[in-house]
$ cat data-v9.cif   # mmCIF, C-alpha atoms
data_data
loop_
_atom_site.group_PDB
_atom_site.id
_atom_site.type_symbol
_atom_site.label_atom_id
_atom_site.label_comp_id
_atom_site.auth_asym_id
_atom_site.auth_seq_id
_atom_site.Cartn_x
_atom_site.Cartn_y
_atom_site.Cartn_z
ATOM 1 C CA MET W 14 -16.205 27.239 -7.043
ATOM 2 C CA THR W 15 -14.085 24.141 -7.630
ATOM 3 C CA ALA W 16 -11.458 22.607 -5.358
ATOM 4 C CA LEU W 17 -8.832 23.893 -7.790
ATOM 5 C CA MET W 18 -9.515 27.536 -7.020
ATOM 6 C CA HIS W 19 -10.000 29.808 -4.063
ATOM 7 C CA GLU W 20 -11.859 33.135 -4.200
ATOM 8 C CA GLU W 21 -9.527 34.871 -6.663
ATOM 9 C CA ALA W 22 -8.904 31.927 -9.019
ATOM 10 C CA THR W 23 -5.743 31.061 -7.132
ATOM 11 C CA VAL W 24 -4.462 27.722 -8.310
ATOM 12 C CA THR W 25 -3.289 25.395 -5.549
ATOM 13 C CA GLN W 26 -1.008 22.376 -5.592
ATOM 14 C CA GLU W 27 -3.811 20.299 -4.069
ATOM 15 C CA GLY W 28 -6.248 21.436 -6.748
ATOM 16 C CA VAL W 29 -3.843 20.491 -9.536
ATOM 17 C CA ILE W 30 -3.194 17.078 -7.974
ATOM 18 C CA SER W 31 -6.945 16.557 -7.682
ATOM 19 C CA ARG W 32 -7.262 17.099 -11.443
ATOM 20 C CA LEU W 33 -4.354 14.728 -12.158
ATOM 21 C CA HIS W 34 -6.414 11.857 -10.721
ATOM 22 C CA ALA W 35 -8.262 11.894 -14.066
ATOM 23 C CA ILE W 36 -5.164 10.651 -15.922
ATOM 24 C CA THR W 37 -4.870 6.873 -16.106
ATOM 25 C CA ASP W 38 -1.485 5.200 -16.335
ATOM 26 C CA PRO W 39 -1.747 3.217 -19.603
ATOM 27 C CA CYS W 40 0.339 0.302 -18.308
ATOM 28 C CA SER W 41 -1.945 -0.187 -15.322
ATOM 29 C CA ALA W 42 -4.963 -0.046 -17.634
ATOM 30 C CA ALA W 43 -3.371 -2.711 -19.829
ATOM 31 C CA THR W 44 -3.249 -5.043 -16.817
ATOM 32 C CA ASN W 45 -6.979 -4.487 -16.120
ATOM 33 C CA VAL W 46 -6.212 -2.410 -13.018
ATOM 34 C CA PRO W 47 -6.608 1.165 -14.243
ATOM 35 C CA LEU W 48 -4.853 3.467 -11.775
ATOM 36 C CA SER W 49 -4.322 7.196 -11.986
ATOM 37 C CA ILE W 50 -0.848 8.659 -12.178
ATOM 38 C CA VAL W 51 -1.466 9.955 -8.648
ATOM 39 C CA GLU W 52 -2.438 6.496 -7.331
ATOM 40 C CA MET W 53 0.634 5.049 -9.045
ATOM 41 C CA GLY W 54 2.842 7.507 -7.171
ATOM 42 C CA MET W 55 4.144 8.940 -10.412
ATOM 43 C CA VAL W 56 3.490 12.566 -9.435
ATOM 44 C CA GLU W 57 6.694 13.513 -7.673
ATOM 45 C CA ASP W 58 5.960 17.218 -7.308
ATOM 46 C CA VAL W 59 3.668 20.004 -8.473
ATOM 47 C CA LYS W 60 4.870 23.575 -8.468
ATOM 48 C CA VAL W 61 2.516 26.495 -8.990
ATOM 49 C CA ALA W 62 3.908 30.005 -9.463
ATOM 50 C CA SER W 63 2.157 33.023 -10.994
ATOM 51 C CA GLY W 64 -0.398 30.766 -12.691
ATOM 52 C CA ASN W 65 2.245 28.542 -14.255
ATOM 53 C CA VAL W 66 2.210 24.861 -13.334
ATOM 54 C CA VAL W 67 5.121 22.427 -13.487
ATOM 55 C CA VAL W 68 4.343 18.765 -12.880
ATOM 56 C CA ALA W 69 7.337 16.548 -12.102
ATOM 57 C CA LEU W 70 6.683 12.888 -12.897
ATOM 58 C CA ARG W 71 8.680 9.846 -11.903
ATOM 59 C CA MET W 72 8.415 7.202 -14.579
ATOM 60 C CA THR W 73 7.976 3.579 -13.608
ATOM 61 C CA SER W 74 10.599 2.433 -16.109
ATOM 62 C CA PRO W 75 13.444 3.944 -18.098
ATOM 63 C CA LEU W 76 11.879 2.163 -21.104
ATOM 64 C CA CYS W 77 8.562 4.011 -20.779
ATOM 65 C CA HIS W 78 7.363 5.201 -24.174
ATOM 66 C CA ALA W 79 4.333 7.081 -22.830
ATOM 67 C CA LEU W 80 6.030 10.398 -22.018
ATOM 68 C CA PRO W 81 4.207 12.279 -24.832
ATOM 69 C CA TYR W 82 0.898 10.778 -23.616
ATOM 70 C CA PHE W 83 1.500 12.005 -20.065
ATOM 71 C CA GLN W 84 2.469 15.480 -21.284
ATOM 72 C CA MET W 85 -0.618 15.680 -23.507
ATOM 73 C CA GLU W 86 -2.993 14.414 -20.813
ATOM 74 C CA ILE W 87 -1.631 16.769 -18.151
ATOM 75 C CA GLU W 88 -2.066 19.697 -20.520
ATOM 76 C CA ARG W 89 -5.585 18.464 -21.393
ATOM 77 C CA VAL W 90 -6.873 18.120 -17.815
ATOM 78 C CA LEU W 91 -5.457 21.502 -16.800
ATOM 79 C CA ALA W 92 -6.487 23.378 -19.967
ATOM 80 C CA GLY W 93 -9.005 26.102 -19.449
ATOM 81 C CA VAL W 94 -8.780 26.070 -15.671
ATOM 82 C CA PRO W 95 -9.114 29.674 -14.497
ATOM 83 C CA GLY W 96 -5.828 30.904 -13.082
ATOM 84 C CA ILE W 97 -3.617 28.460 -14.971
ATOM 85 C CA GLY W 98 -1.377 29.867 -17.680
ATOM 86 C CA ALA W 99 1.428 27.645 -18.909
ATOM 87 C CA VAL W 100 1.667 23.955 -18.056
ATOM 88 C CA SER W 101 4.868 21.943 -18.353
ATOM 89 C CA CYS W 102 6.126 18.544 -17.284
ATOM 90 C CA THR W 103 9.463 17.161 -16.273
ATOM 91 C CA PHE W 104 10.327 13.463 -16.267
ATOM 92 C CA ASP W 105 12.958 11.528 -14.338
ATOM 93 C CA HIS W 106 13.138 8.809 -17.029
ATOM 94 C CA GLY W 107 12.559 5.908 -14.669
ATOM 95 C CA GLY W 108 15.180 6.392 -12.012
ATOM 96 C CA ASN W 109 13.165 7.161 -8.889
ATOM 97 C CA TRP W 110 9.864 5.237 -8.911
ATOM 98 C CA GLN W 111 9.424 2.331 -6.505
ATOM 99 C CA PRO W 112 6.298 0.182 -5.943
ATOM 100 C CA ASP W 113 5.923 1.633 -2.446
ATOM 101 C CA ASN W 114 5.306 5.037 -4.077
ATOM 102 C CA MET W 115 1.807 3.754 -4.933
ATOM 103 C CA THR W 116 -1.063 4.659 -2.656
ATOM 104 C CA VAL W 117 -2.277 1.978 -0.265
ATOM 105 C CA GLY W 118 -5.505 1.761 -2.281
ATOM 106 C CA ALA W 119 -3.582 1.142 -5.492
ATOM 107 C CA GLN W 120 -1.486 -1.551 -3.835
ATOM 108 C CA ARG W 121 -4.688 -3.254 -2.665
ATOM 109 C CA LYS W 122 -6.233 -3.117 -6.149
ATOM 110 C CA LEU W 123 -3.116 -4.693 -7.665
ATOM 111 C CA ALA W 124 -2.971 -7.372 -4.948
ATOM 112 C CA ALA W 125 -6.633 -8.245 -5.537
ATOM 113 C CA ARG W 126 -6.036 -8.538 -9.294
ATOM 114 C CA ARG W 127 -2.951 -10.698 -8.703
ATOM 115 C CA GLU W 128 -4.968 -13.027 -6.445
ATOM 116 C CA PHE W 129 -7.754 -13.231 -9.023
ATOM 117 C CA VAL W 130 -5.306 -14.157 -11.799
ATOM 118 C CA GLN W 131 -3.575 -16.728 -9.591
ATOM 119 C CA ARG W 132 -6.905 -18.372 -8.668
ATOM 120 C CA ARG W 133 -7.889 -18.605 -12.328
ATOM 121 C CA ALA W 134 -4.510 -20.050 -13.268
ATOM 122 C CA ALA W 135 -4.812 -22.706 -10.551
ATOM 123 C CA ARG W 136 -8.034 -24.133 -12.032
#
$ encode --input "data-v9.cif" --output "C-alpha cells"
Amino acid sequence: MTALMHEEATVTQEGVISRLHAITDPCSAATNVPLSIVEMGMVEDVKVASGNVVVALRMTSPLCHALPYFQMEIERVLAGVPGIGAVSCTFDHGGNWQPDNMTVGAQRKLAARREFVQRRAAR
C-alpha cells in the first residue's frame, strides 16, 4: 500500500503532493540546483474530489513558457494511480509566487550554490 492510498484506494492530498516531488522545475535544473515543484513552493493547492485531482500551481514568472511541461508531468506522475480519475491543472501565470514560498531546504540549496559560484568567481 503506498502513501497515496488508504485501504479503499482513497486518494489523499498528501499522497498527491508526495508524488509531485518527482517533478523538477526546469529553471532550477538549468541553474544546477534541481528542485521539485513542491520544494519551489509552486504547488499552491491540491484538491481531490471523487477521484478527480486539480493541482493549482503558482508560476515563478509571468513569462514562464513551461506550462505545458508542468501539465504533462503532473498527468504523468499521477497516471495509473489507483483511485485517480481525471487530472487537471490551473496556473496563476506568475502573479503569486515569492521566493519565501520555497521550502527551507530549497532556500539552503540555492544559497549554497550561490556561495559556490561567488567563490569561483572571486578566484
$ residues_around --input "data-v9.cif" --residues "Leu123 (chain W)" --least-positions-apart "4" --cutoff "7 Å" --atoms "all atoms listed in the file" --output "PyMOL selection string"
chain W and resi 46+119+127
$ residues_around --input "data-v9.cif" --residues "Asp105 (chain W)" --least-positions-apart "2" --cutoff "12 Å" --atoms "only C-alpha atoms" --output "list in words"
Met55, Val56, Glu57, Asp58, Val68, Ala69, Leu70, Arg71, Met72, Thr73, Ser74, Pro75, Leu76, Cys77, Leu80, Cys102, Thr103, Gly107, Gly108, Asn109 and Trp110 of chain W
$ axis_aligned_box --input "data-v9.cif" --around "region 97-104 of chain W" --padding-each-side "6 Å" --output "lines of an AutoDock Vina configuration file"
center_x = 3.4
center_y = 21.7
center_z = -16.9
size_x = 25.9
size_y = 28.4
size_z = 15.9
$ residues_around --input "data-v9.cif" --residues "region 94-97 of chain W" --least-positions-apart "6" --cutoff "6 Å" --atoms "only C-alpha atoms" --output "PyMOL selection string"
chain W and resi 22-24+64-65
$ write_last_selection --input "data-v9.cif" --atoms "C-alpha atoms" --output "mmCIF file, keeping the file's coordinate frame"
data_model
loop_
_atom_site.group_PDB
_atom_site.id
_atom_site.type_symbol
_atom_site.label_atom_id
_atom_site.label_comp_id
_atom_site.auth_asym_id
_atom_site.auth_seq_id
_atom_site.Cartn_x
_atom_site.Cartn_y
_atom_site.Cartn_z
ATOM 1 C CA ALA W 22 -8.904 31.927 -9.019
ATOM 2 C CA THR W 23 -5.743 31.061 -7.132
ATOM 3 C CA VAL W 24 -4.462 27.722 -8.310
ATOM 4 C CA GLY W 64 -0.398 30.766 -12.691
ATOM 5 C CA ASN W 65 2.245 28.542 -14.255
#
$ closest_residue --input "data-v9.cif" --among "W:Lys60, W:Ile30, W:Ile36, W:Thr25" --to "Arg89 (chain W)" --atoms "all atoms listed in the file"
W:Ile36
$ closest_residue --input "data-v9.cif" --among "W:Ala134, W:Ala92, W:Lys122, W:Pro39" --to "Ala79 (chain W)" --atoms "only C-alpha atoms"
W:Pro39
$ closest_residue --input "data-v9.cif" --among "W:Val51, W:Met85, W:Val59, W:Val100" --to "Asn114 (chain W)" --atoms "all atoms listed in the file"
W:Val51
$ atom_distance --input "data-v9.cif" --atom1 "CA of Arg32 (chain W)" --atom2 "CA of Gly54 (chain W)"
14.6 Å
$ closest_residue --input "data-v9.cif" --among "W:Phe129, W:Ala62, W:Met53, W:Glu88" --to "Asp113 (chain W)" --atoms "all atoms listed in the file"
W:Met53
$ closest_residue --input "data-v9.cif" --among "W:Leu33, W:Glu52, W:Thr44, W:Asp38" --to "Val117 (chain W)" --atoms "only C-alpha atoms"
W:Glu52
$ decode --input "data-v9.cif" --residues "chain W" --atoms "C-alpha atoms" --output "PDB file, in the first residue's frame"
ATOM      1  CA  MET W  14       0.000   0.000   0.000  1.00  0.00           C
ATOM      2  CA  THR W  15       1.527   3.336  -0.988  1.00  0.00           C
ATOM      3  CA  ALA W  16       1.338   6.659   0.839  1.00  0.00           C
ATOM      4  CA  LEU W  17      -1.037   7.841  -1.887  1.00  0.00           C
ATOM      5  CA  MET W  18      -3.795   5.444  -0.897  1.00  0.00           C
ATOM      6  CA  HIS W  19      -5.592   4.240   2.178  1.00  0.00           C
ATOM      7  CA  GLU W  20      -7.421   0.902   2.422  1.00  0.00           C
ATOM      8  CA  GLU W  21     -10.019   1.596  -0.277  1.00  0.00           C
ATOM      9  CA  ALA W  22      -7.751   3.354  -2.802  1.00  0.00           C
ATOM     10  CA  THR W  23      -8.774   6.718  -1.406  1.00  0.00           C
ATOM     11  CA  VAL W  24      -6.572   9.397  -2.871  1.00  0.00           C
ATOM     12  CA  THR W  25      -5.341  11.991  -0.387  1.00  0.00           C
ATOM     13  CA  GLN W  26      -3.990  15.494  -0.856  1.00  0.00           C
ATOM     14  CA  GLU W  27      -0.812  14.458   0.967  1.00  0.00           C
ATOM     15  CA  GLY W  28      -0.369  11.449  -1.304  1.00  0.00           C
ATOM     16  CA  VAL W  29      -0.720  13.579  -4.432  1.00  0.00           C
ATOM     17  CA  ILE W  30       1.760  16.146  -3.100  1.00  0.00           C
ATOM     18  CA  SER W  31       4.175  13.323  -2.308  1.00  0.00           C
ATOM     19  CA  ARG W  32       4.047  12.255  -5.966  1.00  0.00           C
ATOM     20  CA  LEU W  33       4.547  15.847  -7.164  1.00  0.00           C
ATOM     21  CA  HIS W  34       8.008  15.842  -5.559  1.00  0.00           C
ATOM     22  CA  ALA W  35       9.101  13.816  -8.611  1.00  0.00           C
ATOM     23  CA  ILE W  36       8.594  16.814 -10.924  1.00  0.00           C
ATOM     24  CA  THR W  37      11.647  19.036 -11.284  1.00  0.00           C
ATOM     25  CA  ASP W  38      11.283  22.725 -12.042  1.00  0.00           C
ATOM     26  CA  PRO W  39      13.244  23.108 -15.312  1.00  0.00           C
ATOM     27  CA  CYS W  40      14.552  26.577 -14.426  1.00  0.00           C
ATOM     28  CA  SER W  41      16.045  25.334 -11.171  1.00  0.00           C
ATOM     29  CA  ALA W  42      17.625  22.416 -13.034  1.00  0.00           C
ATOM     30  CA  ALA W  43      19.136  24.860 -15.524  1.00  0.00           C
ATOM     31  CA  THR W  44      20.915  26.611 -12.644  1.00  0.00           C
ATOM     32  CA  ASN W  45      22.389  23.290 -11.415  1.00  0.00           C
ATOM     33  CA  VAL W  46      20.088  23.257  -8.377  1.00  0.00           C
ATOM     34  CA  PRO W  47      17.323  20.863  -9.405  1.00  0.00           C
ATOM     35  CA  LEU W  48      14.336  21.451  -7.124  1.00  0.00           C
ATOM     36  CA  SER W  49      10.904  19.889  -7.272  1.00  0.00           C
ATOM     37  CA  ILE W  50       7.833  21.995  -7.892  1.00  0.00           C
ATOM     38  CA  VAL W  51       6.909  21.274  -4.266  1.00  0.00           C
ATOM     39  CA  GLU W  52      10.297  22.475  -2.953  1.00  0.00           C
ATOM     40  CA  MET W  53       9.971  25.578  -5.129  1.00  0.00           C
ATOM     41  CA  GLY W  54       6.638  26.379  -3.492  1.00  0.00           C
ATOM     42  CA  MET W  55       4.876  26.265  -6.829  1.00  0.00           C
ATOM     43  CA  VAL W  56       2.108  23.930  -5.640  1.00  0.00           C
ATOM     44  CA  GLU W  57      -0.468  26.351  -4.308  1.00  0.00           C
ATOM     45  CA  ASP W  58      -3.234  23.823  -3.711  1.00  0.00           C
ATOM     46  CA  VAL W  59      -4.330  20.269  -4.443  1.00  0.00           C
ATOM     47  CA  LYS W  60      -7.993  19.383  -4.476  1.00  0.00           C
ATOM     48  CA  VAL W  61      -9.197  15.794  -4.560  1.00  0.00           C
ATOM     49  CA  ALA W  62     -12.887  15.033  -5.095  1.00  0.00           C
ATOM     50  CA  SER W  63     -14.451  11.759  -6.257  1.00  0.00           C
ATOM     51  CA  GLY W  64     -11.112  10.585  -7.662  1.00  0.00           C
ATOM     52  CA  ASN W  65     -10.559  13.760  -9.659  1.00  0.00           C
ATOM     53  CA  VAL W  66      -7.462  15.808  -8.876  1.00  0.00           C
ATOM     54  CA  VAL W  67      -6.934  19.514  -9.521  1.00  0.00           C
ATOM     55  CA  VAL W  68      -3.446  20.886  -8.943  1.00  0.00           C
ATOM     56  CA  ALA W  69      -3.187  24.674  -8.671  1.00  0.00           C
ATOM     57  CA  LEU W  70       0.295  25.956  -9.499  1.00  0.00           C
ATOM     58  CA  ARG W  71       1.772  29.377  -8.903  1.00  0.00           C
ATOM     59  CA  MET W  72       4.268  30.189 -11.610  1.00  0.00           C
ATOM     60  CA  THR W  73       7.528  31.875 -10.719  1.00  0.00           C
ATOM     61  CA  SER W  74       7.219  34.335 -13.601  1.00  0.00           C
ATOM     62  CA  PRO W  75       4.519  35.642 -15.911  1.00  0.00           C
ATOM     63  CA  LEU W  76       6.988  34.864 -18.733  1.00  0.00           C
ATOM     64  CA  CYS W  77       7.163  31.153 -17.882  1.00  0.00           C
ATOM     65  CA  HIS W  78       6.938  29.054 -21.031  1.00  0.00           C
ATOM     66  CA  ALA W  79       6.891  25.706 -19.212  1.00  0.00           C
ATOM     67  CA  LEU W  80       3.147  25.480 -18.525  1.00  0.00           C
ATOM     68  CA  PRO W  81       2.642  22.571 -20.988  1.00  0.00           C
ATOM     69  CA  TYR W  82       5.612  20.764 -19.378  1.00  0.00           C
ATOM     70  CA  PHE W  83       4.099  21.104 -15.903  1.00  0.00           C
ATOM     71  CA  GLN W  84       0.695  19.907 -17.118  1.00  0.00           C
ATOM     72  CA  MET W  85       2.256  16.912 -18.881  1.00  0.00           C
ATOM     73  CA  GLU W  86       4.469  15.965 -15.930  1.00  0.00           C
ATOM     74  CA  ILE W  87       1.637  16.222 -13.401  1.00  0.00           C
ATOM     75  CA  GLU W  88      -0.510  13.981 -15.578  1.00  0.00           C
ATOM     76  CA  ARG W  89       2.435  11.571 -15.997  1.00  0.00           C
ATOM     77  CA  VAL W  90       3.253  11.165 -12.289  1.00  0.00           C
ATOM     78  CA  LEU W  91      -0.406  10.697 -11.359  1.00  0.00           C
ATOM     79  CA  ALA W  92      -1.312   8.406 -14.283  1.00  0.00           C
ATOM     80  CA  GLY W  93      -2.309   4.927 -13.320  1.00  0.00           C
ATOM     81  CA  VAL W  94      -2.566   5.651  -9.614  1.00  0.00           C
ATOM     82  CA  PRO W  95      -5.494   3.621  -8.275  1.00  0.00           C
ATOM     83  CA  GLY W  96      -8.337   5.913  -7.288  1.00  0.00           C
ATOM     84  CA  ILE W  97      -7.355   8.800  -9.554  1.00  0.00           C
ATOM     85  CA  GLY W  98      -9.614   9.558 -12.495  1.00  0.00           C
ATOM     86  CA  ALA W  99      -9.164  12.914 -14.183  1.00  0.00           C
ATOM     87  CA  VAL W 100      -6.201  15.187 -13.506  1.00  0.00           C
ATOM     88  CA  SER W 101      -6.178  18.891 -14.318  1.00  0.00           C
ATOM     89  CA  CYS W 102      -4.011  21.892 -13.558  1.00  0.00           C
ATOM     90  CA  THR W 103      -4.650  25.556 -13.073  1.00  0.00           C
ATOM     91  CA  PHE W 104      -1.975  28.239 -13.321  1.00  0.00           C
ATOM     92  CA  ASP W 105      -1.812  31.732 -11.848  1.00  0.00           C
ATOM     93  CA  HIS W 106       0.513  32.954 -14.634  1.00  0.00           C
ATOM     94  CA  GLY W 107       3.175  34.330 -12.324  1.00  0.00           C
ATOM     95  CA  GLY W 108       1.261  36.632 -10.041  1.00  0.00           C
ATOM     96  CA  ASN W 109       1.541  34.967  -6.643  1.00  0.00           C
ATOM     97  CA  TRP W 110       4.919  33.220  -6.274  1.00  0.00           C
ATOM     98  CA  GLN W 111       7.510  34.723  -3.937  1.00  0.00           C
ATOM     99  CA  PRO W 112      10.961  33.323  -3.024  1.00  0.00           C
ATOM    100  CA  ASP W 113       9.779  32.719   0.541  1.00  0.00           C
ATOM    101  CA  ASN W 114       7.291  30.175  -0.863  1.00  0.00           C
ATOM    102  CA  MET W 115      10.269  27.810  -1.270  1.00  0.00           C
ATOM    103  CA  THR W 116      10.922  25.240   1.416  1.00  0.00           C
ATOM    104  CA  VAL W 117      13.732  25.973   3.854  1.00  0.00           C
ATOM    105  CA  GLY W 118      15.713  23.110   2.301  1.00  0.00           C
ATOM    106  CA  ALA W 119      15.359  24.608  -1.167  1.00  0.00           C
ATOM    107  CA  GLN W 120      16.459  28.016   0.083  1.00  0.00           C
ATOM    108  CA  ARG W 121      19.546  26.399   1.626  1.00  0.00           C
ATOM    109  CA  LYS W 122      20.399  24.556  -1.602  1.00  0.00           C
ATOM    110  CA  LEU W 123      20.151  27.792  -3.593  1.00  0.00           C
ATOM    111  CA  ALA W 124      22.225  29.705  -1.022  1.00  0.00           C
ATOM    112  CA  ALA W 125      24.929  27.023  -1.126  1.00  0.00           C
ATOM    113  CA  ARG W 126      25.025  27.163  -4.939  1.00  0.00           C
ATOM    114  CA  ARG W 127      25.196  30.970  -4.861  1.00  0.00           C
ATOM    115  CA  GLU W 128      28.139  30.826  -2.429  1.00  0.00           C
ATOM    116  CA  PHE W 129      29.899  28.250  -4.601  1.00  0.00           C
ATOM    117  CA  VAL W 130      29.508  30.408  -7.722  1.00  0.00           C
ATOM    118  CA  GLN W 131      30.674  33.522  -5.871  1.00  0.00           C
ATOM    119  CA  ARG W 132      33.789  31.733  -4.554  1.00  0.00           C
ATOM    120  CA  ARG W 133      34.667  30.531  -8.047  1.00  0.00           C
ATOM    121  CA  ALA W 134      34.144  33.996  -9.500  1.00  0.00           C
ATOM    122  CA  ALA W 135      36.435  35.524  -6.865  1.00  0.00           C
ATOM    123  CA  ARG W 136      39.415  33.381  -7.934  1.00  0.00           C
TER     124      ARG W 136
END
